[in-house]
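Shown here: query.txt, compact mmCIF, C-alpha atoms.
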```
# COMPACT_ATOMS: atom_id res chain seq x y z
CA MET A 1 0.00 0.00 0.00
CA VAL A 2 1.28 3.47 -0.93
CA LEU A 3 0.59 6.57 1.08
CA THR A 4 -0.45 9.39 -1.24
CA LEU A 5 -0.35 13.01 -0.14
CA TYR A 6 -2.23 15.60 -2.16
CA LYS A 7 -0.38 18.83 -1.62
CA MET A 8 0.82 22.27 -2.61
CA ASP A 9 4.27 23.06 -1.26
CA ALA A 10 3.47 26.67 -0.34
CA SER A 11 0.63 25.59 1.95
CA PRO A 12 1.53 25.76 5.67
CA PRO A 13 -0.72 22.80 6.63
CA VAL A 14 0.95 20.73 3.91
CA ARG A 15 4.37 21.68 5.25
CA ALA A 16 3.33 20.60 8.74
CA VAL A 17 2.58 17.12 7.37
CA TYR A 18 5.86 17.14 5.42
CA MET A 19 7.71 17.68 8.69
CA VAL A 20 5.97 14.72 10.31
CA ILE A 21 6.87 12.52 7.33
CA GLU A 22 10.49 13.67 7.50
CA ALA A 23 10.70 13.31 11.28
CA LEU A 24 9.42 9.72 11.10
CA ASN A 25 11.39 8.87 7.94
CA ILE A 26 8.27 7.41 6.33
CA PRO A 27 9.40 5.89 3.01
CA ASN A 28 7.80 5.75 -0.43
CA VAL A 29 5.20 8.47 -0.02
CA LYS A 30 3.62 9.45 -3.32
CA TYR A 31 2.99 13.16 -3.82
CA VAL A 32 0.28 14.64 -6.02
CA ASP A 33 0.33 18.37 -6.75
CA VAL A 34 -2.92 20.28 -6.24
CA ASP A 35 -2.67 23.90 -7.37
CA LEU A 36 -5.22 25.87 -5.35
CA LEU A 37 -4.58 29.00 -7.39
CA ALA A 38 -5.61 27.07 -10.52
CA GLU A 39 -8.62 25.59 -8.65
CA ASP A 40 -7.42 22.00 -8.95
CA HIS A 41 -9.11 21.33 -5.61
CA LEU A 42 -12.51 22.09 -7.15
CA LYS A 43 -12.25 19.49 -9.89
CA GLU A 44 -14.74 16.63 -9.82
CA GLU A 45 -12.19 13.89 -9.20
CA PHE A 46 -10.83 15.73 -6.14
CA LEU A 47 -14.26 16.56 -4.76
CA LYS A 48 -15.23 12.89 -4.92
CA LEU A 49 -12.43 12.14 -2.46
CA ASN A 50 -12.74 15.27 -0.37
CA PRO A 51 -15.99 17.25 -0.59
CA GLN A 52 -14.43 19.84 1.74
CA HIS A 53 -11.85 20.40 -1.07
CA THR A 54 -8.93 21.13 1.24
CA ILE A 55 -5.26 20.23 1.24
CA PRO A 56 -3.39 18.37 2.50
CA MET A 57 -5.31 15.19 1.87
CA LEU A 58 -3.92 11.73 2.51
CA THR A 59 -5.00 8.42 1.06
CA ASP A 60 -3.81 5.18 2.64
CA ASP A 61 -5.15 2.40 0.44
CA LYS A 62 -8.93 3.07 0.57
CA PHE A 63 -8.77 5.25 3.66
CA VAL A 64 -9.04 8.99 2.95
CA ILE A 65 -8.30 11.70 5.51
CA TRP A 66 -7.87 15.46 5.36
CA ASP A 67 -6.99 18.26 7.80
CA SER A 68 -3.29 18.51 8.54
CA HIS A 69 -3.70 17.89 12.27
CA ALA A 70 -5.72 14.72 11.71
CA ILE A 71 -3.19 13.52 9.13
CA ALA A 72 -0.22 14.30 11.38
CA THR A 73 -1.60 12.42 14.37
CA TYR A 74 -2.74 9.53 12.15
CA LEU A 75 0.80 9.15 10.81
CA LEU A 76 2.28 9.36 14.29
CA ASN A 77 -0.15 6.76 15.63
CA LYS A 78 0.63 4.43 12.73
CA TYR A 79 4.36 4.98 12.20
CA GLY A 80 5.61 6.67 15.36
CA LYS A 81 4.51 4.52 18.27
CA GLY A 82 6.43 5.56 21.35
CA SER A 83 7.72 8.70 19.66
CA SER A 84 8.41 11.76 21.79
CA TYR A 85 6.78 13.79 19.02
CA TYR A 86 3.39 12.49 20.21
CA PRO A 87 3.87 10.75 23.58
CA GLU A 88 1.20 8.50 25.03
CA ASP A 89 1.25 10.13 28.46
CA PRO A 90 -2.27 11.61 28.82
CA GLU A 91 -1.15 14.97 30.22
CA LYS A 92 1.59 15.50 27.65
CA ARG A 93 -0.73 14.48 24.84
CA ALA A 94 -3.48 16.77 26.10
CA LEU A 95 -1.09 19.72 26.04
CA ILE A 96 -0.04 18.83 22.50
CA GLU A 97 -3.68 18.53 21.42
CA MET A 98 -4.41 21.91 22.99
CA ARG A 99 -1.65 23.52 20.91
CA LEU A 100 -2.85 21.76 17.76
CA HIS A 101 -6.29 23.23 18.38
CA PHE A 102 -4.61 26.60 18.94
CA ASP A 103 -3.10 26.27 15.49
CA SER A 104 -6.38 25.30 13.85
CA GLY A 105 -8.50 27.76 15.84
CA ILE A 106 -6.29 30.84 16.22
CA LEU A 107 -3.09 30.75 14.18
CA TYR A 108 -4.30 29.42 10.86
CA PRO A 109 -7.55 31.47 10.81
CA ALA A 110 -5.42 34.59 11.36
CA LEU A 111 -3.30 33.60 8.37
CA ARG A 112 -6.26 32.74 6.19
CA GLU A 113 -8.13 35.94 6.98
CA ASN A 114 -5.15 37.89 5.69
CA ASP A 115 -3.79 35.88 2.80
CA GLU A 116 -7.01 34.52 1.26
CA PRO A 117 -8.13 37.99 0.02
CA ILE A 118 -4.67 38.45 -1.52
CA PHE A 119 -4.50 35.10 -3.28
CA PHE A 120 -8.14 34.68 -4.29
CA TRP A 121 -10.05 37.98 -4.13
CA GLY A 122 -7.69 40.40 -5.85
CA GLU A 123 -6.81 42.42 -2.76
CA THR A 124 -3.34 43.93 -2.60
CA THR A 125 -3.20 45.21 0.98
CA PHE A 126 -3.90 43.77 4.41
CA LYS A 127 -6.75 45.04 6.56
CA PRO A 128 -5.93 46.46 10.03
CA GLN A 129 -8.38 44.11 11.76
CA GLY A 130 -6.73 41.13 10.09
CA LEU A 131 -3.25 42.19 11.18
CA ALA A 132 -4.58 42.73 14.70
CA LYS A 133 -5.55 39.06 14.82
CA ILE A 134 -2.02 38.07 13.84
CA LYS A 135 -0.62 40.21 16.63
CA SER A 136 -3.03 38.63 19.10
CA ALA A 137 -1.86 35.19 17.95
CA TYR A 138 1.75 36.25 18.51
CA ASP A 139 0.87 37.48 22.02
CA PHE A 140 -0.60 34.10 22.95
CA THR A 141 2.35 32.21 21.48
CA GLU A 142 4.87 34.34 23.38
CA LYS A 143 3.07 33.46 26.62
CA PHE A 144 3.03 29.75 25.78
CA LEU A 145 6.80 29.84 25.31
CA SER A 146 7.51 31.72 28.53
CA ASP A 147 7.97 28.57 30.64
CA SER A 148 9.28 26.03 28.14
CA PRO A 149 11.54 25.95 25.07
CA TRP A 150 8.96 24.24 22.87
CA ILE A 151 5.34 25.08 22.18
CA ALA A 152 3.98 22.14 24.22
CA GLY A 153 6.61 21.55 26.87
CA ASP A 154 10.24 20.58 27.23
CA ASP A 155 10.43 18.42 24.11
CA VAL A 156 9.84 19.14 20.45
CA THR A 157 6.53 17.64 19.34
CA VAL A 158 4.07 17.56 16.48
CA ALA A 159 2.61 20.75 17.96
CA ASP A 160 5.82 22.56 17.06
CA MET A 161 5.64 21.21 13.52
CA SER A 162 2.11 22.48 13.01
CA CYS A 163 2.55 25.83 14.74
CA VAL A 164 5.90 26.69 13.17
CA ALA A 165 4.56 26.06 9.67
CA THR A 166 1.82 28.60 10.31
CA ILE A 167 3.80 31.14 12.34
CA GLY A 168 6.65 31.11 9.83
CA SER A 169 4.10 32.06 7.19
CA LEU A 170 2.46 34.70 9.40
CA ASP A 171 5.90 36.26 9.78
CA ALA A 172 5.85 36.95 6.03
CA LEU A 173 2.64 38.97 6.50
CA LEU A 174 3.47 40.71 9.76
CA PRO A 175 7.19 40.38 10.61
CA ILE A 176 7.84 39.25 14.17
CA ASN A 177 9.51 41.98 16.22
CA GLU A 178 12.46 40.39 18.00
CA LYS A 179 12.32 42.82 20.93
CA GLU A 180 8.59 42.42 21.42
CA TYR A 181 8.60 38.64 20.92
CA PRO A 182 12.00 37.30 22.05
CA LYS A 183 10.60 33.87 22.98
CA ILE A 184 9.02 33.35 19.56
CA THR A 185 12.19 34.54 17.87
CA SER A 186 14.34 32.05 19.81
CA TRP A 187 11.84 29.25 19.21
CA LEU A 188 11.80 29.89 15.47
CA LYS A 189 15.59 29.70 15.45
CA ARG A 190 15.55 26.39 17.35
CA CYS A 191 12.98 24.98 14.96
CA SER A 192 14.96 26.11 11.91
CA GLU A 193 17.95 24.08 13.06
CA LEU A 194 16.03 20.79 13.11
CA ASP A 195 16.55 18.41 10.19
CA PHE A 196 12.85 17.77 9.63
CA TYR A 197 12.23 21.52 9.48
CA GLN A 198 14.96 22.08 6.93
CA ARG A 199 13.78 19.20 4.72
CA GLY A 200 10.04 19.55 5.22
CA ASN A 201 9.39 23.25 5.69
CA ASN A 202 12.18 25.40 4.31
CA VAL A 203 13.04 23.37 1.23
CA LYS A 204 9.44 22.41 0.46
CA GLY A 205 7.47 25.56 0.52
CA LEU A 206 8.16 28.40 2.93
CA LEU A 207 10.26 30.25 0.37
CA GLU A 208 7.62 29.49 -2.27
CA PHE A 209 4.90 30.90 -0.01
CA LYS A 210 6.87 34.10 0.51
CA ALA A 211 7.54 34.43 -3.22
CA LEU A 212 3.86 33.96 -4.10
CA LEU A 213 2.80 36.46 -1.47
CA LYS A 214 5.26 39.04 -2.78
CA GLN A 215 4.08 38.42 -6.35
CA TYR A 216 0.40 38.85 -5.51
CA LEU A 217 0.95 41.90 -3.33
CA SER A 218 2.99 43.56 -6.08
CA ARG A 219 -0.09 43.73 -8.31
CA GLY A 220 -1.13 46.81 -6.38
CA LYS A 221 2.04 48.60 -7.48
CA GLU A 222 1.60 48.01 -11.21
```
Show this structure as structure tokens.
Amino acid sequence: MVLTLYKMDASPPVRAVYMVIEALNIPNVKYVDVDLLAEDHLKEEFLKLNPQHTIPMLTDDKFVIWDSHAIATYLLNKYGKGSSYYPEDPEKRALIEMRLHFDSGILYPALRENDEPIFFWGETTFKPQGLAKIKSAYDFTEKFLSDSPWIAGDDVTVADMSCVATIGSLDALLPINEKEYPKITSWLKRCSELDFYQRGNNVKGLLEFKALLKQYLSRGKE
């Protein structure tokens, strides 16, 4: 059976799953490109698999799953038993789950509110209320990192993979002020030094996301 990941490299949720795959050294994953900007995700064959038409989407034989957090934990449960990235201790796992929900409920919505109008609606500037939500997300993250080096405790976990993919992209929209957010700045540096980050996030997409954002924003200067 071949795992197949439907993806677009620039997508932060896709990059979060990439990092899990790299961290677990999962072999022989098949990748299928889905260009959201060309509306590949709205084609009939994709909608049959995923009526929510989101990426990433994973197929494992006849099993189909989407949402990056669900995919990440599925892969860890199947291929990473006993891994410190998703420990079985109930308290540690609960903290990780809480941060994953923070990503899906606070971080990623702040990103989407700001970049979706740029990529899909023809906007060329960010709205103040949207940027305010990014700043609020930064404020929460700084507090989370005040007592531990990683987003969900003393060890790097899948929560770091998900949150760093999103926060690294938010930084392209509203640059993180090192003096205002020293904990986030240090955490980003620690994450950037990890092998799975370099292979799964930097190489596969963060630079592409920044380039696309710059290209779409520049339309307002033409």
Considering all atoms listed in the file, tabulate each residue of segment 16-84 of chain A that lies at most 10 Å from segment 164-170 of chain A along with its nearest interatomic pair and the corresponding distance in Å to one decimal; arrange the rows by chain and ascending residue number and present them as a tab-separated table.
```
residue	atom	partner	partner_atom	distance
A:Ala16	CA	A:Ala165	CA	5.7
A:Val17	CA	A:Ala165	CA	9.4
A:Tyr18	CA	A:Ala165	CA	10.0
A:Met19	CA	A:Ala165	CA	9.0
```
Given only C-alpha atoms as the counted atoms, nearest of A:Asp160, A:Asp115, A:Asp61, A:Asp154 to Arg99 of chain A = A:Asp160
ask   = Mind pulling up the distance from atom CA of Leu194 of chain A to atom CA of Ser136 of chain A?
value =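 Computed distance, atom CA of Ser136 of chain A to atom CA of Leu194 of chain A, equals 26.8 Å.
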query = Which residue out of A:Tyr6, A:Phe63, A:Phe144, A:Tyr79 has the minimum interatomic distance to His41 of chain A when all atoms listed in the file are used?
reply = A:Tyr6
request  = May I have the residues within 7 Å of Leu24 of chain A as a PyMOL selection string, using all atoms listed in the file and disregarding those fewer than 3 positions away in the same chain?
outcome  = chain A and resi 20-21+80
Point-to-point distance in Å for atom CA of Tyr181 of chain A and atom CA of Thr141 of chain A =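 Between these atoms lies a distance of 9.0 Å.
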ask   = Pick the closest to Ala23 of chain A from A:Glu208, A:Asp35, A:Asp195, A:Glu91: which is it, counting all atoms listed in the file?
value = A:Asp195
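Distances from A:Gly105, A:Pro27, A:Gly122, A:Pro117 to His69 of chain A were compared using all atoms listed in the file, and the smallest one belongs to A:Gly105.
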ask   = Distance atom CA of Pro13 of chain A-atom CA of Ser68 of chain A, one decimal place?
value =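 For atom CA of Pro13 of chain A relative to atom CA of Ser68 of chain A, the distance reads 5.4 Å.
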message = Can you pull out the residues contacting Asn50 of chain A? Cut-off 9 Å, using only C-alpha atoms, and skip same-chain residues under 3 positions away; I want them as a PyMOL selection string.
response = chain A and resi 41+45-47+53-54+57+64-66
task = Anything within 12 Å of (-4.9, 43.1, -1.3): list those residues as a list in words, counting all atoms listed in the file and sticking to the file's coordinates.
result =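 Here is the list of nearby residues: Glu113, Asn114, Asp115, Glu116, Pro117, Ile118, Phe119, Phe120, Trp121, Gly122, Glu123, Thr124, Thr125, Phe126, Lys127, Pro128, Gly130, Leu173, Leu213, Lys214, Gln215, Tyr216, Leu217, Ser218, Arg219, Gly220 and Lys221 of chain A.
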Write out, as a PDB file, in the coordinates of the input, the residues just selected, with C-alpha atoms.
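Dumped to result.pdb:
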```pdb
ATOM      1  CA  GLU A 113      -8.130  35.940   6.980  1.00  0.00           C
ATOM      2  CA  ASN A 114      -5.150  37.890   5.690  1.00  0.00           C
ATOM      3  CA  ASP A 115      -3.790  35.880   2.800  1.00  0.00           C
ATOM      4  CA  GLU A 116      -7.010  34.520   1.260  1.00  0.00           C
ATOM      5  CA  PRO A 117      -8.130  37.990   0.020  1.00  0.00           C
ATOM      6  CA  ILE A 118      -4.670  38.450  -1.520  1.00  0.00           C
ATOM      7  CA  PHE A 119      -4.500  35.100  -3.280  1.00  0.00           C
ATOM      8  CA  PHE A 120      -8.140  34.680  -4.290  1.00  0.00           C
ATOM      9  CA  TRP A 121     -10.050  37.980  -4.130  1.00  0.00           C
ATOM     10  CA  GLY A 122      -7.690  40.400  -5.850  1.00  0.00           C
ATOM     11  CA  GLU A 123      -6.810  42.420  -2.760  1.00  0.00           C
ATOM     12  CA  THR A 124      -3.340  43.930  -2.600  1.00  0.00           C
ATOM     13  CA  THR A 125      -3.200  45.210   0.980  1.00  0.00           C
ATOM     14  CA  PHE A 126      -3.900  43.770   4.410  1.00  0.00           C
ATOM     15  CA  LYS A 127      -6.750  45.040   6.560  1.00  0.00           C
ATOM     16  CA  PRO A 128      -5.930  46.460  10.030  1.00  0.00           C
ATOM     17  CA  GLY A 130      -6.730  41.130  10.090  1.00  0.00           C
ATOM     18  CA  LEU A 173       2.640  38.970   6.500  1.00  0.00           C
ATOM     19  CA  LEU A 213       2.800  36.460  -1.470  1.00  0.00           C
ATOM     20  CA  LYS A 214       5.260  39.040  -2.780  1.00  0.00           C
ATOM     21  CA  GLN A 215       4.080  38.420  -6.350  1.00  0.00           C
ATOM     22  CA  TYR A 216       0.400  38.850  -5.510  1.00  0.00           C
ATOM     23  CA  LEU A 217       0.950  41.900  -3.330  1.00  0.00           C
ATOM     24  CA  SER A 218       2.990  43.560  -6.080  1.00  0.00           C
ATOM     25  CA  ARG A 219      -0.090  43.730  -8.310  1.00  0.00           C
ATOM     26  CA  GLY A 220      -1.130  46.810  -6.380  1.00  0.00           C
ATOM     27  CA  LYS A 221       2.040  48.600  -7.480  1.00  0.00           C
TER      28      LYS A 221
END
```
request  = Could you tell me which of A:Pro175, A:Pro90, A:Gly205, A:Gly82 comes closest to Lys7 of chain A if we count only C-alpha atoms?
outcome  =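 Among the listed residues, A:Gly205 lies closest to Lys7 of chain A.
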Which residue of A:Arg190, A:Lys210, A:Lys204, A:Arg199 approaches Val14 of chain A most closely, using all atoms listed in the file = A:Lys204
